[in-house]
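Visitor: Below you'll find the structure I mean.
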Amino acid sequence: MTPPPRAARSYAAVIVGGGHNGLVAAAYLARAGRSVLVLERLAHTGGAAVSTRPFAGVDARLSRYSYLVSLLPGKIVRDLGLDFRVRGRTVSSYTPVERRGRPTGLLVGGGERRTRESFARLTGSDREFAAWQRFYAMTGHVARRIFPTLTEPLPTREELRRRVDDAVAWRALFEEPIGAAIEQHFADDTVRGVALTDALIGTFADAHDPSLSQNRCFLYHVIGGGTGAWDVPVGGMGALTDALAGAARAAGAELATGHEAVRIDADGRTAEVTHRSADGEYVTAARHVLVNAAPRELAAL
């Protein structure tokens with residue numbers, strides 16, 4: 001646990017939660033000359049992006065929860081001067097399946113030739129692989145257009161439509177359930193299932209859910225870096241959040257671990273954040289409060 005913030009001090013910003021988003025905000029605000037306090041309930045920063053050493057006697061740091069990097073803009077790494085590296089994956093996925101009583105599977109990755117051959121062995125022709133290439137050429141176009149907006153003011157729907165500049169892709173990914181586009185592109189159920197993984201994992205949605213929550217999940221998975229690539233962090237995800245914490249501290253932000261925010265009072269102009277640690281309860285004033293936590297946690301505060 002870090003020492004409590006200095007008594008009777010007001011901050012330009014208090015950030016509740018020391019996960020990667022909170023640390024990025026803290027670093028940028030502090031570099032802009034603002035006084036910043038980060039309150040983290042746990043004894044360490046990083047949130048779900050942390051590393052651990054699971055093997056006794058082996059100095060290997062592995063990601064504990066979040067484990068791949070795709071949506072981190074290189075601009076943030078450059079702006080904050082982060083010593084953080086990633087490595088590309090040669091294999092995206094392998095899906096074992098039984099066909100006509102024989103075990104087989106679908107490999108995506110390892111080079112175009114191996115992927116093409118895997119599609120052909122599974123489906124009996126090159127049709128599904130050609131469809132795969134067309135489908136992901138479409139998502140690649142969208143990725144190149146959308147990814148830069150992650151560090152820009154949030155575009156309106158019409159602004160984003162103009163940026164995408166592809167009526168077919170816009171309809172498939174933004175207006176209709178993604179299940180319809182995948183069924184139109186692919187005939188093989190296993191291939192459809194692999195493509196749908198990026199839409200359904202963690203959403204508990206249906207491929208044809210009219211809410212399009214599955215489409216949003218799919219877009220998160222395919223726009224990263226403007227290519228859709230998912231990379232492995234060197235040193236685990238904790239290498240990123242440790243670097244972010246270091247950048248925030250170097251810029252002048254205060255990071256108080258072991259401090260749990262329990263209440264936020266605000267009048268529209270200023271706020272007070274009540275937080276507790278093993279040493280007692282504190283009230284810290286702020287002009288702005290940023291909450292790096294789930295909406296339900298903010299509601300409870």
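Convention: chains lettered A, B, ... in structure tokens order; per-chain residue numbering from 1; ligands numbered from 1 as shown.
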Leaving out A:Thr284 and any residue of its chain fewer than 6 positions from it, which residues lie within 12 Å of it when counting only C-alpha atoms, given as a PyMOL selection string?
Guide: chain A and resi 4-16+36-39+259+261-266+270-276
Visitor: With N, CA and C atoms kept, could you save the residues just selected as a short mmCIF file (atom, residue, chain, number, x, y, z; two decimals), in the first residue's frame?
Guide:
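File out26.cif, as written:
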```cif
data_model
loop_
_atom_site.label_atom_id
_atom_site.label_comp_id
_atom_site.auth_asym_id
_atom_site.auth_seq_id
_atom_site.Cartn_x
_atom_site.Cartn_y
_atom_site.Cartn_z
N PRO A 4 -1.05 7.61 2.01
CA PRO A 4 -2.22 8.37 1.58
C PRO A 4 -1.80 9.68 0.94
N PRO A 5 -2.67 10.26 0.09
CA PRO A 5 -2.35 11.55 -0.51
C PRO A 5 -2.21 12.62 0.57
N ARG A 6 -1.52 13.67 0.24
CA ARG A 6 -1.30 14.74 1.20
C ARG A 6 -2.62 15.33 1.66
N ALA A 7 -2.74 15.57 2.94
CA ALA A 7 -4.00 16.03 3.53
C ALA A 7 -4.41 17.38 2.96
N ALA A 8 -5.72 17.57 2.87
CA ALA A 8 -6.32 18.86 2.51
C ALA A 8 -5.87 19.36 1.14
N ARG A 9 -5.51 18.45 0.25
CA ARG A 9 -5.10 18.87 -1.08
C ARG A 9 -6.22 18.60 -2.08
N SER A 10 -6.41 19.54 -2.99
CA SER A 10 -7.37 19.37 -4.05
C SER A 10 -6.62 19.06 -5.34
N TYR A 11 -7.19 18.17 -6.16
CA TYR A 11 -6.55 17.76 -7.41
C TYR A 11 -7.38 18.22 -8.60
N ALA A 12 -6.72 18.42 -9.70
CA ALA A 12 -7.46 18.71 -10.93
C ALA A 12 -8.29 17.49 -11.33
N ALA A 13 -7.74 16.31 -11.10
CA ALA A 13 -8.46 15.08 -11.45
C ALA A 13 -8.13 13.98 -10.46
N VAL A 14 -9.16 13.30 -9.99
CA VAL A 14 -9.01 12.06 -9.24
C VAL A 14 -9.51 10.94 -10.13
N ILE A 15 -8.69 9.92 -10.30
CA ILE A 15 -9.04 8.78 -11.15
C ILE A 15 -9.29 7.57 -10.26
N VAL A 16 -10.49 7.03 -10.34
CA VAL A 16 -10.87 5.88 -9.54
C VAL A 16 -10.57 4.62 -10.35
N VAL A 36 -2.88 15.11 -10.49
CA VAL A 36 -3.66 13.88 -10.67
C VAL A 36 -3.42 12.93 -9.51
N LEU A 37 -4.49 12.34 -9.02
CA LEU A 37 -4.41 11.28 -8.01
C LEU A 37 -5.15 10.07 -8.54
N VAL A 38 -4.50 8.90 -8.55
CA VAL A 38 -5.13 7.64 -8.92
C VAL A 38 -5.38 6.83 -7.66
N LEU A 39 -6.60 6.40 -7.47
CA LEU A 39 -6.97 5.57 -6.32
C LEU A 39 -7.20 4.14 -6.80
N HIS A 259 -6.09 1.91 -1.73
CA HIS A 259 -7.09 2.93 -1.41
C HIS A 259 -8.35 2.66 -2.23
N ALA A 261 -12.05 3.63 -3.31
CA ALA A 261 -13.05 4.68 -3.37
C ALA A 261 -14.39 4.11 -2.94
N VAL A 262 -15.06 4.79 -2.03
CA VAL A 262 -16.32 4.28 -1.51
C VAL A 262 -17.49 5.24 -1.76
N ARG A 263 -17.18 6.50 -2.13
CA ARG A 263 -18.27 7.45 -2.36
C ARG A 263 -17.76 8.62 -3.19
N ILE A 264 -18.62 9.11 -4.09
CA ILE A 264 -18.34 10.32 -4.85
C ILE A 264 -19.49 11.29 -4.68
N ASP A 265 -19.18 12.50 -4.23
CA ASP A 265 -20.17 13.57 -4.11
C ASP A 265 -19.79 14.69 -5.06
N ALA A 266 -20.75 15.15 -5.86
CA ALA A 266 -20.44 16.19 -6.85
C ALA A 266 -21.61 17.15 -6.97
N THR A 270 -17.46 20.84 -8.78
CA THR A 270 -16.37 20.17 -8.08
C THR A 270 -16.90 18.88 -7.48
N ALA A 271 -15.99 18.06 -6.97
CA ALA A 271 -16.39 16.79 -6.39
C ALA A 271 -15.50 16.46 -5.20
N GLU A 272 -16.00 15.56 -4.39
CA GLU A 272 -15.22 14.99 -3.28
C GLU A 272 -15.31 13.47 -3.38
N VAL A 273 -14.14 12.84 -3.27
CA VAL A 273 -14.08 11.39 -3.33
C VAL A 273 -13.66 10.87 -1.96
N THR A 274 -14.51 10.02 -1.40
CA THR A 274 -14.18 9.39 -0.12
C THR A 274 -13.52 8.05 -0.42
N HIS A 275 -12.36 7.81 0.21
CA HIS A 275 -11.66 6.55 -0.03
C HIS A 275 -11.06 6.04 1.27
N ARG A 276 -10.94 4.72 1.34
CA ARG A 276 -10.48 4.06 2.57
C ARG A 276 -9.23 3.25 2.30
#
```
Visitor: Going by DSSP on the backbone, which residues of stretch 23-235 of chain A come out as alpha helix (DSSP H)? List them as a PyMOL selection string.
Guide: chain A and resi 23-31+74-80+112-123+127-146+157-164+167-170+178-185+189-200+213-222
Visitor: For a test of reading the model, state the distance in Å between atom CA of A:Gly258 and atom CA of A:Ala43, rounded to one decimal.
Guide: 4.9 Å
Visitor: Rank A:Asp242, A:Asp209, A:Asp165, A:Glu128 by their smallest atom-to-atom distance to A:Arg192, using only C-alpha atoms, and report the top residue only.
Guide: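 Smallest separation from A:Arg192 among the options: A:Glu128.
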Visitor: Identify, on the basis of only C-alpha atoms, every residue whose closest approach to A:Asn21 does not exceed 12 Å; exclude the query and any residue fewer than 4 positions from it along the same chain; express the result as a list in words.
Guide: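 Everything that qualifies: Ile15, Val16, Gly17, Ala25, Ala26, Ala27, Tyr28, Val38, Thr45, Gly46, Gly47, Ala48, Ala49, Leu71, Leu72, Ile76, Leu240, Thr241, Leu244, Ala245, Ala248, Leu290, Val291, Asn292, Ala293 and Ala294 of chain A.
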Visitor: Pull C-alpha atoms from the residues just selected and write them as a PDB file, in the first residue's frame.
Guide:
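Now in again.pdb:
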```
ATOM      1  CA  ILE A  15      -9.041   8.781 -11.150  1.00  0.00           C
ATOM      2  CA  VAL A  16     -10.865   5.877  -9.539  1.00  0.00           C
ATOM      3  CA  GLY A  17      -9.229   2.621 -10.597  1.00  0.00           C
ATOM      4  CA  ALA A  25      -5.534   9.043 -18.524  1.00  0.00           C
ATOM      5  CA  ALA A  26      -3.302   9.793 -15.528  1.00  0.00           C
ATOM      6  CA  ALA A  27      -0.171   9.937 -17.673  1.00  0.00           C
ATOM      7  CA  TYR A  28      -1.684  12.253 -20.284  1.00  0.00           C
ATOM      8  CA  VAL A  38      -5.129   7.638  -8.924  1.00  0.00           C
ATOM      9  CA  THR A  45      -1.982  -1.105 -10.391  1.00  0.00           C
ATOM     10  CA  GLY A  46      -2.857  -2.789 -13.668  1.00  0.00           C
ATOM     11  CA  GLY A  47      -6.413  -4.058 -13.197  1.00  0.00           C
ATOM     12  CA  ALA A  48      -6.967  -7.056 -15.482  1.00  0.00           C
ATOM     13  CA  ALA A  49      -3.746  -6.325 -17.403  1.00  0.00           C
ATOM     14  CA  LEU A  71      -6.536  -2.209 -29.450  1.00  0.00           C
ATOM     15  CA  LEU A  72      -3.530  -0.300 -28.073  1.00  0.00           C
ATOM     16  CA  ILE A  76      -0.045   6.127 -27.014  1.00  0.00           C
ATOM     17  CA  LEU A 240       2.408  -2.569 -20.323  1.00  0.00           C
ATOM     18  CA  THR A 241       0.685  -1.420 -17.141  1.00  0.00           C
ATOM     19  CA  LEU A 244       2.085   3.125 -17.910  1.00  0.00           C
ATOM     20  CA  ALA A 245       2.356   3.506 -14.136  1.00  0.00           C
ATOM     21  CA  ALA A 248       2.273   8.547 -14.967  1.00  0.00           C
ATOM     22  CA  LEU A 290     -12.657   9.866 -13.930  1.00  0.00           C
ATOM     23  CA  VAL A 291     -13.913   6.380 -13.132  1.00  0.00           C
ATOM     24  CA  ASN A 292     -11.949   3.449 -14.573  1.00  0.00           C
ATOM     25  CA  ALA A 293     -14.518   0.879 -13.454  1.00  0.00           C
ATOM     26  CA  ALA A 294     -17.699  -0.801 -14.644  1.00  0.00           C
TER      27      ALA A 294
END
```
Visitor: So how many Å separate atom CA of A:Arg145 and atom CA of A:Pro73, to one decimal?
Guide: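 We find that atom CA of A:Arg145 and atom CA of A:Pro73 lie 13.7 Å from each other.
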Visitor: So which residues touch A:Ala130 within 12 Å, counting only C-alpha atoms, skipping near sequence neighbours fewer than 5 positions away, as a list in words?
Guide: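 Once the nearby chain positions are removed, what remains is Glu112, Thr115, Arg116, Glu117, Phe119, Ala120, Thr123, Ser125, Phe135, Tyr136, Ala137, His185, Phe186, Ala187 and Val191 of chain A.
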Visitor: Looking at only C-alpha atoms, which of A:Tyr67, A:Tyr94, A:Trp132, A:Phe84 is the one that sits closest to A:Ala247?
Guide: A:Phe84
Visitor: Hey, which of A:Gly228, A:Gly111, A:Gly124, A:Pro96 ends up closest to A:Arg144? Count only C-alpha atoms.
Guide: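 The closest residue to A:Arg144 is A:Gly228.
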Visitor: Restricting the calculation to only C-alpha atoms, which member of A:Ala205, A:Lys75, A:Pro103, A:Cys217 is positioned closest to A:Glu152?
Guide: A:Lys75
Visitor: Would you mind reading off the distance between atom CA of A:Leu219 and atom CA of A:Phe147, one decimal, in Å?
Guide: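 Atom-to-atom, atom CA of A:Leu219 and atom CA of A:Phe147 are spaced 10.0 Å apart.
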Visitor: Counting only C-alpha atoms, which of A:Leu80, A:Ile178, A:Ala239, A:Ala167 gets nearest to A:Ser66?
Guide: A:Ala239
